[in-house]
Amino acid sequence: MEVVALMASMPRFDSLMDISLPSIASQTRPPERIVLVTDRVALSELEQSSITTTVSPIPVTFLINERCQGAAGSWNTGLAYINECHSKCYVAILDDDDYWLTNHLELCLTHSQRGAASLVLSGISVIKEGHAVASNIPNNLKQSDFLVGNPGWQGSNTFAQCQLLIDAGGFSDGLVSSNDKDLAIRVLTITNIKIEYTLAVTVCWNLGIHSTALSTRGSRQKLLGCAQFILLHGHRMTRPQKEQYFERISSLFAISEQAIVNEMNTNKDIRIAAGSLS
């Protein structure tokens, strides 16, 4: 079964070269191709050459985000290409500052039951300042799990059939945060999908190594993303779930419910459609 690794980057060349790409190159079962989408500027010829050398002999397709600025638009640009050229593959997403353990793709393919699974999810180790501080190992996920928090499905452990991501509408262009939760909610509305779990940690999520990270407490971008998420999915929440959501955001990111409500009421450019790959 063909596997295509999909990456979105601003670009952050140092992170690509030092963290994420070496982990792809060291896979015991490497992908057939890497699709790397840069968001703001194209990589130079020298940078492209360095990347190609680092992951050789895996071929790399370099693209520039053609949609709304941000990770969602970049991933959708890559998904459109993959759907056109490699539609029968699994798409394995990796953030440019995260990394896979060497057996990640091999284990996902083993649990895919020869392509029968629509989605395979592995566990994630949360890395802070070079040390593992927590592990999230998803299992038996439900849509409601993602209305309040995230029990362990993020960008870098997404291993899904390309067709599943297309059927879900891809990512929501312009959504500045919670793209993982947004995608999970929409994928889990699709009936008759087969999800498998490796129950093993094979992905490492580097927490907050960049000053632009959305996890920064009080971040303006995180506030905007929370307001967008409530506009997209607040109607699915019970009142207790909304209360839990706001309490969690306040505790983790120092953003109050009132600040989110004010953003929803005053920002006229905030509304986006859930799932926007066409």
# chains A, B, ... in the order shown; residues from 1 in each chain; ligands from 1
call {"tool": "closest_atom_pairs", "arguments": {"of": "segment 93-158 of chain A", "to": "segment 16-33 of chain A", "cutoff": "9 Å", "atoms": "only C-alpha atoms", "output": "JSON lines"}}
result
{"residue": "A:Leu94", "atom": "CA", "partner": "A:Ser20", "partner_atom": "CA", "distance": 7.3}
{"residue": "A:Asp95", "atom": "CA", "partner": "A:Ser20", "partner_atom": "CA", "distance": 7.2}
{"residue": "A:Asp96", "atom": "CA", "partner": "A:Leu16", "partner_atom": "CA", "distance": 5.3}
{"residue": "A:Asp97", "atom": "CA", "partner": "A:Ser20", "partner_atom": "CA", "distance": 5.9}
{"residue": "A:Asp98", "atom": "CA", "partner": "A:Ser20", "partner_atom": "CA", "distance": 5.6}
{"residue": "A:Tyr99", "atom": "CA", "partner": "A:Ser20", "partner_atom": "CA", "distance": 4.8}
{"residue": "A:Trp100", "atom": "CA", "partner": "A:Ser23", "partner_atom": "CA", "distance": 5.5}
{"residue": "A:Leu101", "atom": "CA", "partner": "A:Ser23", "partner_atom": "CA", "distance": 6.7}
{"residue": "A:Thr102", "atom": "CA", "partner": "A:Gln27", "partner_atom": "CA", "distance": 4.4}
{"residue": "A:Asn103", "atom": "CA", "partner": "A:Thr28", "partner_atom": "CA", "distance": 5.7}
{"residue": "A:His104", "atom": "CA", "partner": "A:Gln27", "partner_atom": "CA", "distance": 7.1}
{"residue": "A:Leu105", "atom": "CA", "partner": "A:Arg29", "partner_atom": "CA", "distance": 6.1}
{"residue": "A:Glu106", "atom": "CA", "partner": "A:Arg29", "partner_atom": "CA", "distance": 5.1}
{"residue": "A:Leu107", "atom": "CA", "partner": "A:Arg29", "partner_atom": "CA", "distance": 8.9}
{"residue": "A:Leu109", "atom": "CA", "partner": "A:Arg29", "partner_atom": "CA", "distance": 8.9}
call {"tool": "closest_atom_pairs", "arguments": {"of": "segment 114-138 of chain A", "to": "segment 194-209 of chain A", "cutoff": "7 Å", "atoms": "only C-alpha atoms", "output": "tab-separated table"}}
result
residue	atom	partner	partner_atom	distance
A:Ala117	CA	A:Lys194	CA	4.9
A:Ser118	CA	A:Lys194	CA	5.2
A:Leu119	CA	A:Ile195	CA	4.9
A:Val120	CA	A:Glu196	CA	4.8
A:Leu121	CA	A:Tyr197	CA	4.9
A:Ser122	CA	A:Thr198	CA	5.0
A:Gly123	CA	A:Val201	CA	3.9
A:Ile124	CA	A:Val203	CA	4.8
A:Ser125	CA	A:Cys204	CA	4.8
A:Val126	CA	A:Trp205	CA	5.0
A:Ile127	CA	A:Asn206	CA	4.8
A:Lys128	CA	A:Leu207	CA	5.4
A:Ile137	CA	A:Leu199	CA	5.9
call {"tool": "select_by_dssp", "arguments": {"residues": "segment 26-180 of chain A", "states": "strand (DSSP E)", "output": "ChimeraX atom specification"}}
result
/A:33-38,60-64,90-93,99-100,119-128,131-136,158-161
call {"tool": "residues_around", "arguments": {"residues": "Val60 of chain A", "least_positions_apart": "3", "cutoff": "10 Å", "atoms": "only C-alpha atoms", "output": "CSV table (one decimal) with N, CA, C and O atoms, in the first residue's frame"}}
result
chain,number,residue,atom,x,y,z
A,4,VAL,N,2.1,8.4,1.4
A,4,VAL,CA,2.6,9.7,1.0
A,4,VAL,C,2.7,10.5,2.3
A,4,VAL,O,1.7,10.6,3.0
A,5,ALA,N,3.9,11.0,2.6
A,5,ALA,CA,4.0,11.9,3.8
A,5,ALA,C,3.7,13.3,3.4
A,5,ALA,O,4.2,13.8,2.4
A,32,GLU,N,6.5,6.4,0.0
A,32,GLU,CA,6.8,6.4,-1.4
A,32,GLU,C,7.1,7.9,-1.9
A,32,GLU,O,7.9,8.0,-2.9
A,33,ARG,N,6.6,8.9,-1.2
A,33,ARG,CA,6.9,10.3,-1.6
A,33,ARG,C,6.6,11.2,-0.4
A,33,ARG,O,5.9,10.8,0.5
A,34,ILE,N,7.3,12.3,-0.4
A,34,ILE,CA,7.1,13.4,0.6
A,34,ILE,C,6.5,14.6,-0.2
A,34,ILE,O,7.0,15.0,-1.2
A,35,VAL,N,5.4,15.1,0.3
A,35,VAL,CA,4.8,16.3,-0.3
A,35,VAL,C,5.0,17.4,0.8
A,35,VAL,O,4.4,17.4,1.8
A,36,LEU,N,5.8,18.4,0.4
A,36,LEU,CA,6.1,19.5,1.4
A,36,LEU,C,5.6,20.8,0.8
A,36,LEU,O,5.9,21.3,-0.2
A,48,GLN,N,15.9,23.4,-1.3
A,48,GLN,CA,15.3,22.2,-1.8
A,48,GLN,C,16.3,21.1,-2.1
A,48,GLN,O,16.0,19.9,-1.8
A,51,ILE,N,17.2,19.5,1.2
A,51,ILE,CA,16.1,18.6,1.7
A,51,ILE,C,16.1,17.3,0.9
A,51,ILE,O,16.0,16.2,1.4
A,52,THR,N,16.2,17.4,-0.4
A,52,THR,CA,16.3,16.2,-1.3
A,52,THR,C,17.4,15.3,-0.9
A,52,THR,O,17.2,14.0,-0.9
A,55,VAL,N,16.7,13.3,2.5
A,55,VAL,CA,15.7,12.2,2.5
A,55,VAL,C,15.9,11.2,1.4
A,55,VAL,O,15.1,10.3,1.2
A,56,SER,N,16.9,11.4,0.6
A,56,SER,CA,17.2,10.5,-0.5
A,56,SER,C,17.3,9.1,-0.1
A,56,SER,O,17.8,8.8,1.0
A,57,PRO,N,16.7,8.1,-0.8
A,57,PRO,CA,16.1,8.3,-2.2
A,57,PRO,C,14.6,8.6,-2.3
A,57,PRO,O,14.0,8.4,-3.3
A,63,LEU,N,5.6,22.2,-3.0
A,63,LEU,CA,4.4,23.0,-3.4
A,63,LEU,C,4.4,24.3,-2.5
A,63,LEU,O,5.0,24.4,-1.5
call {"tool": "closest_residue", "arguments": {"among": "A:Ser15, A:Ser219, A:Ser50, A:Ser178", "to": "Phe253 of chain A", "atoms": "only C-alpha atoms"}}
result
A:Ser219
call {"tool": "residues_around", "arguments": {"residues": "Gln154 of chain A", "least_positions_apart": "3", "cutoff": "7 Å", "atoms": "only C-alpha atoms", "output": "JSON, numbers by chain"}}
result
{"A": [157, 158, 180]}
call {"tool": "select_by_dssp", "arguments": {"residues": "segment 81-211 of chain A", "states": "alpha helix (DSSP H)", "output": "JSON, numbers by chain"}}
result
{"A": [81, 82, 83, 84, 85, 104, 105, 106, 107, 108, 109, 110, 111, 145, 146, 147, 148, 162, 163, 164, 165, 166, 167, 179, 180, 181, 182, 183, 184, 185, 186, 187]}
call {"tool": "closest_residue", "arguments": {"among": "A:Ala254, A:Glu263, A:Ala184, A:Phe159", "to": "Ser172 of chain A", "atoms": "only C-alpha atoms"}}
result
A:Ala184
call {"tool": "atom_distance", "arguments": {"atom1": "atom CA of Leu224 of chain A", "atom2": "atom CA of Gln241 of chain A"}}
result
19.7 Å
call {"tool": "atom_distance", "arguments": {"atom1": "atom CA of Asn65 of chain A", "atom2": "atom CA of Arg12 of chain A"}}
result
14.5 Å
call {"tool": "closest_residue", "arguments": {"among": "A:Ser112, A:Gln161, A:Asn192, A:Asn76", "to": "Val91 of chain A", "atoms": "only C-alpha atoms"}}
result
A:Gln161
call {"tool": "closest_residue", "arguments": {"among": "A:Ile185, A:Leu147, A:Met237, A:Ala72", "to": "Ser276 of chain A", "atoms": "only C-alpha atoms"}}
result
A:Ala72
call {"tool": "closest_residue", "arguments": {"among": "A:Asn150, A:Thr38, A:Thr77, A:Thr54", "to": "Arg248 of chain A", "atoms": "only C-alpha atoms"}}
result
A:Asn150
call {"tool": "atom_distance", "arguments": {"atom1": "atom CA of Ala160 of chain A", "atom2": "atom CA of Val148 of chain A"}}
result
23.1 Å
